[in-house]
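Text of entry_3.json (JSON, C-alpha atoms and all ligand atoms) as supplied:
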```
[["chain", "number", "residue", "atom", "x", "y", "z"],
["A", 1, "MET", "CA", -84.09, 87.96, -65.60],
["A", 2, "SER", "CA", -83.68, 89.90, -62.29],
["A", 3, "GLN", "CA", -80.04, 90.86, -62.71],
["A", 4, "ILE", "CA", -77.96, 92.86, -60.23],
["A", 5, "THR", "CA", -74.41, 94.12, -60.75],
["A", 6, "GLU", "CA", -72.38, 95.16, -57.67],
["A", 7, "LEU", "CA", -69.17, 97.11, -58.29],
["A", 8, "LYS", "CA", -67.63, 97.13, -54.80],
["A", 9, "SER", "CA", -64.75, 94.80, -55.70],
["A", 10, "HIS", "CA", -63.14, 97.63, -57.72],
["A", 11, "PRO", "CA", -60.55, 99.36, -55.47],
["A", 12, "LEU", "CA", -61.68, 102.86, -56.47],
["A", 13, "VAL", "CA", -65.32, 102.02, -55.77],
["A", 14, "SER", "CA", -64.42, 100.73, -52.33],
["A", 15, "HIS", "CA", -62.20, 103.79, -51.72],
["A", 16, "ASN", "CA", -65.01, 106.21, -52.56],
["A", 17, "LEU", "CA", -67.55, 104.21, -50.56],
["A", 18, "ALA", "CA", -65.28, 104.69, -47.53],
["A", 19, "ILE", "CA", -65.43, 108.48, -48.05],
["A", 20, "LEU", "CA", -69.19, 108.46, -48.57],
["A", 21, "ARG", "CA", -69.93, 106.34, -45.50],
["A", 22, "ASN", "CA", -67.67, 108.25, -43.09],
["A", 23, "LYS", "CA", -69.84, 110.40, -40.82],
["A", 24, "ASP", "CA", -67.06, 113.04, -40.71],
["A", 25, "THR", "CA", -67.00, 113.58, -44.50],
["A", 26, "ASP", "CA", -68.18, 117.12, -45.32],
["A", 27, "SER", "CA", -70.59, 117.94, -48.17],
["A", 28, "GLN", "CA", -67.85, 118.88, -50.61],
["A", 29, "HIS", "CA", -66.02, 115.57, -50.25],
["A", 30, "PHE", "CA", -69.31, 113.67, -50.05],
["A", 31, "ARG", "CA", -70.28, 115.15, -53.43],
["A", 32, "GLU", "CA", -66.94, 114.30, -54.99],
["A", 33, "ALA", "CA", -67.15, 110.69, -53.82],
["A", 34, "ALA", "CA", -70.80, 110.43, -54.94],
["A", 35, "HIS", "CA", -69.80, 111.69, -58.40],
["A", 36, "SER", "CA", -66.92, 109.21, -58.68],
["A", 37, "LEU", "CA", -69.12, 106.32, -57.68],
["A", 38, "SER", "CA", -71.88, 107.46, -60.03],
["A", 39, "ARG", "CA", -69.36, 107.37, -62.89],
["A", 40, "PHE", "CA", -68.49, 103.72, -62.20],
["A", 41, "VAL", "CA", -72.15, 102.71, -61.91],
["A", 42, "LEU", "CA", -73.07, 104.60, -65.09],
["A", 43, "ILE", "CA", -70.21, 103.12, -67.12],
["A", 44, "SER", "CA", -71.19, 99.63, -66.03],
["A", 45, "ALA", "CA", -74.90, 100.19, -66.71],
["A", 46, "THR", "CA", -74.28, 101.63, -70.19],
["A", 47, "GLU", "CA", -72.04, 98.77, -71.34],
["A", 48, "SER", "CA", -74.87, 96.92, -73.04],
["A", 49, "LEU", "CA", -76.57, 99.87, -74.75],
["A", 50, "ARG", "CA", -77.70, 99.06, -78.26],
["A", 51, "THR", "CA", -75.59, 100.59, -81.03],
["A", 52, "VAL", "CA", -75.75, 100.94, -84.81],
["A", 53, "GLU", "CA", -72.92, 101.26, -87.26],
["A", 54, "GLN", "CA", -72.12, 104.71, -88.60],
["A", 55, "VAL", "CA", -69.79, 105.26, -91.54],
["A", 56, "ILE", "CA", -67.65, 108.36, -91.10],
["A", 57, "GLU", "CA", -64.83, 110.08, -92.92],
["A", 58, "THR", "CA", -61.81, 111.03, -90.86],
["A", 59, "PRO", "CA", -59.39, 113.52, -92.46],
["A", 60, "LEU", "CA", -57.46, 110.40, -93.54],
["A", 61, "LYS", "CA", -59.87, 107.58, -94.31],
["A", 62, "ARG", "CA", -63.43, 106.32, -94.49],
["A", 63, "THR", "CA", -64.12, 104.14, -91.44],
["A", 64, "GLN", "CA", -66.97, 103.02, -89.21],
["A", 65, "GLU", "CA", -67.87, 103.19, -85.54],
["A", 66, "GLN", "CA", -70.82, 102.10, -83.43],
["A", 67, "ILE", "CA", -73.06, 104.92, -82.18],
["A", 68, "LEU", "CA", -75.96, 104.82, -79.72],
["A", 69, "ALA", "CA", -79.09, 103.45, -81.37],
["A", 70, "ASP", "CA", -81.78, 104.59, -78.92],
["A", 71, "ASP", "CA", -82.85, 107.69, -77.04],
["A", 72, "ILE", "CA", -81.33, 107.76, -73.57],
["A", 73, "TRP", "CA", -83.30, 109.12, -70.63],
["A", 74, "PHE", "CA", -81.91, 109.73, -67.17],
["A", 75, "VAL", "CA", -84.63, 109.95, -64.55],
["A", 76, "PRO", "CA", -83.48, 111.18, -61.14],
["A", 77, "VAL", "CA", -85.74, 110.49, -58.17],
["A", 78, "LEU", "CA", -85.80, 113.88, -56.44],
["A", 79, "ARG", "CA", -84.12, 114.99, -54.51],
["A", 80, "ALA", "CA", -81.07, 112.78, -53.91],
["A", 81, "GLY", "CA", -81.15, 111.40, -57.46],
["A", 82, "LEU", "CA", -79.87, 114.79, -58.65],
["A", 83, "ALA", "CA", -76.50, 113.74, -57.20],
["A", 84, "MET", "CA", -76.02, 111.41, -60.18],
["A", 85, "VAL", "CA", -77.33, 113.58, -63.04],
["A", 86, "ASP", "CA", -74.32, 115.79, -63.79],
["A", 87, "VAL", "CA", -72.04, 112.80, -64.24],
["A", 88, "ALA", "CA", -74.69, 111.04, -66.33],
["A", 89, "LEU", "CA", -74.89, 114.04, -68.69],
["A", 90, "GLU", "CA", -71.11, 114.30, -68.84],
["A", 91, "LEU", "CA", -71.04, 110.71, -70.12],
["A", 92, "ILE", "CA", -73.99, 111.10, -72.53],
["A", 93, "PRO", "CA", -74.47, 114.81, -73.30],
["A", 94, "SER", "CA", -77.18, 113.96, -75.85],
["A", 95, "ALA", "CA", -79.36, 112.26, -73.22],
["A", 96, "HIS", "CA", -82.73, 113.57, -72.04],
["A", 97, "VAL", "CA", -83.67, 114.09, -68.41],
["A", 98, "GLY", "CA", -87.06, 113.27, -66.89],
["A", 99, "PHE", "CA", -88.03, 113.92, -63.27],
["A", 100, "ILE", "CA", -89.88, 112.04, -60.55],
["A", 101, "GLY", "CA", -90.45, 113.69, -57.17],
["A", 102, "LEU", "CA", -90.86, 111.31, -54.24],
["A", 103, "TYR", "CA", -90.09, 111.50, -50.56],
["A", 104, "ARG", "CA", -90.38, 108.80, -47.96],
["A", 105, "ASP", "CA", -92.92, 109.35, -45.19],
["A", 106, "GLU", "CA", -90.84, 109.07, -42.02],
["A", 107, "ASP", "CA", -93.42, 106.99, -40.14],
["A", 108, "SER", "CA", -94.92, 104.69, -42.76],
["A", 109, "LEU", "CA", -91.73, 104.67, -44.93],
["A", 110, "LEU", "CA", -94.09, 104.77, -47.92],
["A", 111, "PRO", "CA", -93.13, 106.96, -50.91],
["A", 112, "GLN", "CA", -95.14, 110.16, -51.32],
["A", 113, "HIS", "CA", -95.39, 111.31, -54.91],
["A", 114, "TYR", "CA", -95.24, 115.09, -55.53],
["A", 115, "TYR", "CA", -93.88, 115.68, -59.05],
["A", 116, "LYS", "CA", -93.53, 114.06, -62.44],
["A", 117, "ASN", "CA", -92.17, 115.34, -65.75],
["A", 118, "LEU", "CA", -91.91, 112.43, -68.18],
["A", 119, "PRO", "CA", -92.75, 111.95, -71.86],
["A", 120, "ASP", "CA", -94.82, 109.23, -73.50],
["A", 121, "PHE", "CA", -92.08, 106.69, -74.19],
["A", 122, "SER", "CA", -94.15, 104.78, -76.79],
["A", 123, "LYS", "CA", -93.18, 107.42, -79.38],
["A", 124, "GLN", "CA", -89.52, 106.39, -79.62],
["A", 125, "THR", "CA", -87.22, 103.50, -78.67],
["A", 126, "SER", "CA", -85.71, 104.59, -75.37],
["A", 127, "THR", "CA", -83.58, 103.27, -72.56],
["A", 128, "CYS", "CA", -84.48, 104.78, -69.18],
["A", 129, "PHE", "CA", -81.97, 104.93, -66.35],
["A", 130, "ILE", "CA", -83.56, 105.70, -62.98],
["A", 131, "VAL", "CA", -80.88, 107.29, -60.81],
["A", 132, "ASP", "CA", -81.23, 107.36, -57.03],
["A", 133, "PRO", "CA", -78.27, 106.84, -54.66],
["A", 134, "MET", "CA", -80.26, 104.84, -52.10],
["A", 135, "LEU", "CA", -82.41, 101.70, -52.49],
["A", 136, "ALA", "CA", -83.70, 100.98, -48.97],
["A", 137, "THR", "CA", -87.18, 99.41, -48.62],
["A", 138, "GLY", "CA", -87.51, 99.67, -52.40],
["A", 139, "GLY", "CA", -90.76, 101.67, -52.14],
["A", 140, "SER", "CA", -89.41, 104.76, -53.93],
["A", 141, "CYS", "CA", -87.76, 102.85, -56.76],
["A", 142, "ILE", "CA", -90.83, 100.67, -57.29],
["A", 143, "ALA", "CA", -93.01, 103.79, -57.44],
["A", 144, "ALA", "CA", -90.57, 105.34, -59.95],
["A", 145, "ILE", "CA", -90.63, 102.21, -62.13],
["A", 146, "ASP", "CA", -94.46, 102.12, -61.94],
["A", 147, "LEU", "CA", -94.57, 105.75, -63.15],
["A", 148, "LEU", "CA", -92.18, 105.04, -66.04],
["A", 149, "LYS", "CA", -94.19, 102.00, -67.09],
["A", 150, "GLU", "CA", -97.41, 104.08, -67.01],
["A", 151, "GLN", "CA", -95.62, 106.25, -69.60],
["A", 152, "HIS", "CA", -94.92, 103.08, -71.66],
["A", 153, "ALA", "CA", -91.20, 102.81, -70.87],
["A", 154, "THR", "CA", -90.06, 99.24, -71.53],
["A", 155, "ASP", "CA", -86.28, 99.23, -71.15],
["A", 156, "ILE", "CA", -85.64, 100.39, -67.58],
["A", 157, "LYS", "CA", -82.46, 100.13, -65.52],
["A", 158, "LEU", "CA", -82.06, 101.18, -61.91],
["A", 159, "LEU", "CA", -78.79, 102.82, -60.85],
["A", 160, "THR", "CA", -77.99, 103.26, -57.18],
["A", 161, "LEU", "CA", -74.92, 103.76, -55.01],
["A", 162, "ILE", "CA", -76.02, 101.75, -51.96],
["A", 163, "SER", "CA", -78.72, 99.08, -51.90],
["A", 164, "ALA", "CA", -80.30, 97.03, -49.13],
["A", 165, "PRO", "CA", -81.05, 93.34, -49.75],
["A", 166, "GLU", "CA", -84.65, 93.90, -48.62],
["A", 167, "GLY", "CA", -85.22, 96.59, -51.27],
["A", 168, "ILE", "CA", -83.54, 94.59, -54.03],
["A", 169, "LYS", "CA", -85.87, 91.66, -53.25],
["A", 170, "GLU", "CA", -88.95, 93.91, -53.40],
["A", 171, "VAL", "CA", -87.92, 95.53, -56.70],
["A", 172, "PHE", "CA", -87.29, 92.14, -58.32],
["A", 173, "ALA", "CA", -90.58, 90.73, -56.96],
["A", 174, "LYS", "CA", -92.57, 93.59, -58.58],
["A", 175, "HIS", "CA", -90.38, 94.30, -61.61],
["A", 176, "PRO", "CA", -88.24, 91.28, -62.56],
["A", 177, "ASP", "CA", -87.52, 92.85, -65.96],
["A", 178, "VAL", "CA", -85.56, 95.77, -64.43],
["A", 179, "SER", "CA", -81.82, 95.27, -63.90],
["A", 180, "ILE", "CA", -80.03, 96.98, -61.01],
["A", 181, "PHE", "CA", -76.51, 98.44, -60.98],
["A", 182, "THR", "CA", -75.13, 99.44, -57.59],
["A", 183, "ALA", "CA", -71.81, 100.26, -55.99],
["A", 184, "SER", "CA", -72.63, 98.26, -52.86],
["A", 185, "ILE", "CA", -75.17, 95.79, -51.54],
["A", 186, "ASP", "CA", -75.17, 96.52, -47.82],
["A", 187, "GLU", "CA", -76.10, 94.34, -44.83],
["A", 188, "HIS", "CA", -79.70, 95.17, -43.92],
["A", 189, "LEU", "CA", -82.25, 97.87, -43.00],
["A", 190, "ASN", "CA", -82.61, 99.03, -39.42],
["A", 191, "GLU", "CA", -85.96, 99.50, -37.66],
["A", 192, "SER", "CA", -86.20, 103.09, -39.02],
["A", 193, "GLY", "CA", -85.73, 101.94, -42.61],
["A", 194, "TYR", "CA", -82.13, 103.18, -42.89],
["A", 195, "ILE", "CA", -79.53, 101.12, -44.69],
["A", 196, "VAL", "CA", -76.83, 99.60, -42.44],
["A", 197, "PRO", "CA", -73.94, 100.34, -42.56],
["A", 198, "GLY", "CA", -75.14, 102.79, -45.26],
["A", 199, "LEU", "CA", -74.24, 106.47, -45.13],
["A", 200, "GLY", "CA", -77.21, 108.10, -43.36],
["A", 201, "ASP", "CA", -79.51, 110.44, -45.29],
["A", 202, "ALA", "CA", -78.08, 110.78, -48.80],
["A", 203, "GLY", "CA", -80.04, 113.93, -49.74],
["A", 204, "ASP", "CA", -79.16, 115.78, -46.54],
["A", 205, "ARG", "CA", -75.47, 114.90, -46.83],
["A", 206, "TYR", "CA", -75.19, 115.70, -50.55],
["A", 207, "PHE", "CA", -77.03, 119.02, -50.31],
["A", 208, "GLY", "CA", -75.63, 119.97, -46.90],
["A", 209, "THR", "CA", -79.15, 120.29, -45.49],
["B", 301, "LIG", "C1", -84.20, 108.62, -50.15],
["B", 301, "LIG", "C2", -83.50, 108.04, -51.36],
["B", 301, "LIG", "C3", -84.58, 107.22, -52.01],
["B", 301, "LIG", "C4", -85.38, 106.73, -50.82],
["B", 301, "LIG", "C5", -85.03, 105.30, -50.57],
["B", 301, "LIG", "O1", -84.98, 109.71, -50.50],
["B", 301, "LIG", "O2", -82.96, 109.03, -52.20],
["B", 301, "LIG", "O3", -85.39, 107.96, -52.91],
["B", 301, "LIG", "O4", -84.99, 107.52, -49.69],
["B", 301, "LIG", "O5", -85.84, 104.74, -49.60],
["B", 301, "LIG", "P1", -86.87, 103.57, -49.92],
["B", 301, "LIG", "O6", -86.15, 102.57, -50.76],
["B", 301, "LIG", "O7", -87.21, 103.02, -48.56],
["B", 301, "LIG", "O8", -88.07, 104.14, -50.61],
["B", 301, "LIG", "P2", -85.81, 110.54, -49.38],
["B", 301, "LIG", "O9", -87.17, 109.97, -49.22],
["B", 301, "LIG", "O10", -84.97, 110.67, -48.16],
["B", 301, "LIG", "O11", -86.02, 111.92, -50.09],
["B", 301, "LIG", "P3", -84.93, 113.01, -50.54],
["B", 301, "LIG", "O12", -84.20, 112.43, -51.72],
["B", 301, "LIG", "O13", -85.78, 114.16, -50.90],
["B", 301, "LIG", "O14", -84.02, 113.27, -49.38],
["B", 302, "LIG", "N1", -82.71, 107.04, -47.64],
["B", 302, "LIG", "C1", -81.46, 107.47, -47.31],
["B", 302, "LIG", "O1", -81.05, 108.58, -47.68],
["B", 302, "LIG", "N2", -80.70, 106.66, -46.54],
["B", 302, "LIG", "C2", -81.10, 105.45, -46.13],
["B", 302, "LIG", "O2", -80.34, 104.74, -45.45],
["B", 302, "LIG", "C3", -82.41, 105.03, -46.48],
["B", 302, "LIG", "C4", -83.18, 105.84, -47.24]]
```
Now, as a test, write the supplied structure out as structure tokens.
Ligand code: PRP
Ligand code: URA
Amino acid sequence: MSQITELKSHPLVSHNLAILRNKDTDSQHFREAAHSLSRFVLISATESLRTVEQVIETPLKRTQEQILADDIWFVPVLRAGLAMVDVALELIPSAHVGFIGLYRDEDSLLPQHYYKNLPDFSKQTSTCFIVDPMLATGGSCIAAIDLLKEQHATDIKLLTLISAPEGIKEVFAKHPDVSIFTASIDEHLNESGYIVPGLGDAGDRYFGT
């Protein structure tokens, strides 16, 4: 399995990545570019959602369309994951939102868990989209996937804007069933665990911290 989709070859993805990466981009333009990129990643990741046929009556004729078959959950990894939620809910207003709070310890780079608000997913057929703009060492995303699986989630997709090869390898080693959708696979991690070329600290730049 272990499937990754990178969207950088699309001119608008590349254009918005340029805005996001530029150290001189202010928070307002950073947010706009993050939202645009999130839209591309979300559209790509939702392409294979299961659907069922629904018969409907237009004012003119009886016809049929495919509608979403399963419950959709977006699960942002706080805090930077919030950058992708508004666009996600614009695309699927009927979706649910769960929350996972994690921050990376600056020395060990290990994820520290501080919050969770998730249902028991065994009660309905659900697709869970973890949203987090940055996949660096992979520690945070792996912890988020572990937490979702503890809640019996089975169909999990990971949506990021920028991913490091090291983190992708770790996620696939621990969770080969999870597919990843990302705007860009970057070069590598530096000695401080930052993605290179990357964009710096996504949460700080998005929230203007
Ligand atoms: C960032 C990012 C990921 C994590 C990625 O969050 O949003 O959650 O780092 O790093 P990893 O792959 O090495 O775990 P951060 O810890 O900076 O917290 P924040 O979102 O609150 O800023
Ligand atoms: N988190 C970020 O926000 N940026 C990185 O480069 C790595 C982790």
Would you work out the distance separating atom CA of A:Arg79 from atom O1 of ligand LIG 301 (chain B), expressed in Å to one decimal?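 Computed distance, atom CA of A:Arg79 to atom O1 of ligand LIG 301 (chain B), equals 6.7 Å.
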Which of these, A:Gly81, A:Gly200, A:Pro176, A:Pro93, has the shortest distance to ligand LIG 301 (chain B) once you count all atoms listed in the file?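 Under the stated criterion, the closest residue is A:Gly81.
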Counting only C-alpha atoms and all ligand atoms, give me one row per residue of chain A with an atom at most 6 Å from an atom of ligand LIG 301 (chain B), showing the shortest contact pair and its distance in Å to one decimal, sorted by chain then residue number, as a Markdown table.
```
| residue | atom | partner | partner_atom | distance |
| --- | --- | --- | --- | --- |
| A:Val77 | CA | B:LIG301 | O3 | 5.8 |
| A:Leu78 | CA | B:LIG301 | O12 | 5.2 |
| A:Arg79 | CA | B:LIG301 | O12 | 3.8 |
| A:Ala80 | CA | B:LIG301 | O12 | 3.8 |
| A:Tyr103 | CA | B:LIG301 | O9 | 3.6 |
| A:Arg104 | CA | B:LIG301 | O9 | 3.6 |
| A:Pro111 | CA | B:LIG301 | O8 | 5.8 |
| A:Asp132 | CA | B:LIG301 | O2 | 5.4 |
| A:Pro133 | CA | B:LIG301 | O2 | 5.7 |
| A:Met134 | CA | B:LIG301 | C2 | 4.6 |
| A:Leu135 | CA | B:LIG301 | O6 | 4.2 |
| A:Ala136 | CA | B:LIG301 | O6 | 3.4 |
| A:Thr137 | CA | B:LIG301 | O7 | 3.6 |
| A:Gly138 | CA | B:LIG301 | O6 | 3.6 |
| A:Gly139 | CA | B:LIG301 | O8 | 4.0 |
| A:Ser140 | CA | B:LIG301 | O8 | 3.6 |
| A:Gly203 | CA | B:LIG301 | O14 | 4.1 |
```
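Counting from atom CA of A:Asp71, the distance to atom CA of A:Thr127 is 6.3 Å.
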Please work out which residues fall within 6 Å of (-92.6, 115.8, -63.2), coordinates as given in the file, with all atoms listed in the file counting, and return them as JSON, numbers by chain. {"A": [99, 100, 115, 116, 117]}
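Shortest atom-to-atom contact with ligand LIG 302 (chain B) among A:Asp204, A:Glu90, A:Glu166, A:Glu53: A:Asp204, counting all atoms listed in the file.
Each of A:Leu37, A:Ala202, A:Ile162, A:Ile67 was compared to A:Pro11 using only C-alpha atoms, and A:Leu37 turns out to be the nearest.
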Let me make sure I understand: among A:Val97, A:Val41, A:Val196, A:Ala33, which one has the smallest atom-to-atom distance to A:His10 if we use all atoms listed in the file? A:Val41
Looking at A:Pro165, A:Pro76, A:Gly198, A:Gly98, which one is nearest to ligand LIG 302 (chain B), with distances taken over only C-alpha atoms and all ligand atoms?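 Smallest distance to ligand LIG 302 (chain B) is found for A:Gly198.
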